[in-house]
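The block underneath contains the structure these notes are about, expressed in structure tokens.
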Amino acid sequence: MPELPEVETVRRGLAPAMAGRRILAVEARRPDLRFPFPERFAERLTGARVAALDRRGKYLIAGLDTGEALVMHLGMSGRFTVETGVNALRPGDFVRAPGVDARHDHVVFALEGGARVTFNDPRRFGFMDLVAIAGLDSCAHFRGMGPEPLSEAFDAAALSAALAGKRAPIKAALLDQKVVAGLGNIYVCEALFRTRISPRRLARSTAGARAARLAPAIKAVLTEAIAAGGASLKDFASAEGGLGYFQLDFAVYGRDGETCPRLGCGGRIARFVQSGRSSFACGRCQR
DNA sequence: AGGGGGACCTGTGCGC
DNA sequence: TGCGCACAGGTCCCCC
């Protein structure tokens, strides 16, 4: 479920249970997710205090007082469940989010303060890693990663410079985490719709005026999505239901065949495949 | 060197 | 009801 807004929503849901707390126990129920867990994964985490829970792009970063950071990625299907007051629960009281199959509970953290945090990931495209905080920015996960789209560093000039000269379609360029961090298939489609740019347009032809429209549109669509995710945080914290991902009203994503929502356009939303992934766009108003 | 396509997994929904 | 196929929010690796 994870593009930047979803990961940020997860971060906000996990922070109260994890930030400032000591990790009392860790259980990794299999040797790997997408990648093998780091050596002595559980031992290196046990007893460590989580200083803060941060996010970079689609990654969650739990900085520890051991000098290491727990780096987590949700992949396509990763999700966390938080149960608070576990000590008060009796056997059988376990509350599970609908649609979450316990067979795919791969990592369980017991936190000081009584919370139990469970990572569930059916497809196992997610992963966890332990990285020295001193070398975090230059580690394999973050080296070369583009700016945070909601930071001041990401503006029209920065985006324009990153797109200049690129022969790839703008769709592919915006999915490239080196151009800007955190965008995925949904929000790229949505940002391109808002700016009336065709996903097929070559990135280099969007440098300049179109990039100047894109940068603020990307910030807006992400900000709105985070606000919508935040609305369902209560559900998340109580481990009931998902994050309201599909409660969000996307203008074009998943709306193949529908009439373009742009007032007065009258075009039709088409689905087509670019570099193996679905794009959704209006053929009339997006150029 | 940059970019496209396949691989990695499991689950779900659809048409037949 | 059952089967096969297409498809799903991401990233890495290989090959051109």
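Just remember, in the structure tokens the first chain shown is A, the second B, etc., residues are 1-based per chain, and ligands are 1-based in the order shown.
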Go through chain A residue by residue and, counting only C-alpha atoms (C1' of nucleotides), keep those with an atom at most 9 Å from chain B; for each kept residue give the shortest atom pair and its distance in Å to one decimal, ordered by chain and increasing number, as JSON lines.
{"residue": "A:Arg34", "atom": "CA", "partner": "B:DC8", "partner_atom": "C1'", "distance": 7.7}
{"residue": "A:Pro122", "atom": "CA", "partner": "B:DT10", "partner_atom": "C1'", "distance": 5.7}
{"residue": "A:Arg123", "atom": "CA", "partner": "B:DC9", "partner_atom": "C1'", "distance": 4.5}
{"residue": "A:Arg124", "atom": "CA", "partner": "B:DC9", "partner_atom": "C1'", "distance": 6.2}
{"residue": "A:Phe125", "atom": "CA", "partner": "B:DC9", "partner_atom": "C1'", "distance": 7.1}
{"residue": "A:Lys166", "atom": "CA", "partner": "B:DG2", "partner_atom": "C1'", "distance": 8.6}
{"residue": "A:Arg167", "atom": "CA", "partner": "B:DG3", "partner_atom": "C1'", "distance": 8.4}
{"residue": "A:Ala168", "atom": "CA", "partner": "B:DG3", "partner_atom": "C1'", "distance": 6.8}
{"residue": "A:Ser275", "atom": "CA", "partner": "B:DG4", "partner_atom": "C1'", "distance": 6.2}
{"residue": "A:Gly276", "atom": "CA", "partner": "B:DG5", "partner_atom": "C1'", "distance": 7.3}
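Within 12 Å of chain A, chain C contributes the residues DC7, DA8, DG9, DG10, DT11 and DC12 of chain C, using only C-alpha atoms (C1' of nucleotides).
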Can you tell me which residues surround Leu45 of chain A at a distance of at most 8 Å, considering only C-alpha atoms (C1' of nucleotides), apart from same-chain residues fewer than 6 positions away, and format the answer as a ChimeraX atom specification?
/A:23,25-26
Give the strand (DSSP E) residues of segment 3-231 of chain A, as assigned by DSSP on the backbone, as an NGL selection string.
:A and (23-28 or 50-56 or 59-64 or 68-73 or 79-83 or 105-111 or 116-120 or 127-132)
Find the residues near His106 of chain A: any atom within 6 Å, counting only C-alpha atoms (C1' of nucleotides), skip ones fewer than 3 places away on the same chain, and give them as a PyMOL selection string.
chain A and resi 28-29+119-120
Within segment 96-284 of chain A, find each residue whose DSSP state, derived from the backbone, is alpha helix (DSSP H), and express the selection as a ChimeraX atom specification.
/A:156-163,170-175,185-194,209-231,233-237
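Every protein, DNA or RNA residue with an atom at most 7 Å from Phe193 of chain A, where only C-alpha atoms (C1' of nucleotides) count and chain neighbours fewer than 4 positions away do not, is listed here: Cys189, Ile197, Ala281 and Gln286 of chain A.
Within 8 Å of Gly113 of chain A, once only C-alpha atoms (C1' of nucleotides) are used and residues closer than 4 positions along the same chain are dropped, the contacting residues are Ala17, Arg21 and Gly85 of chain A.
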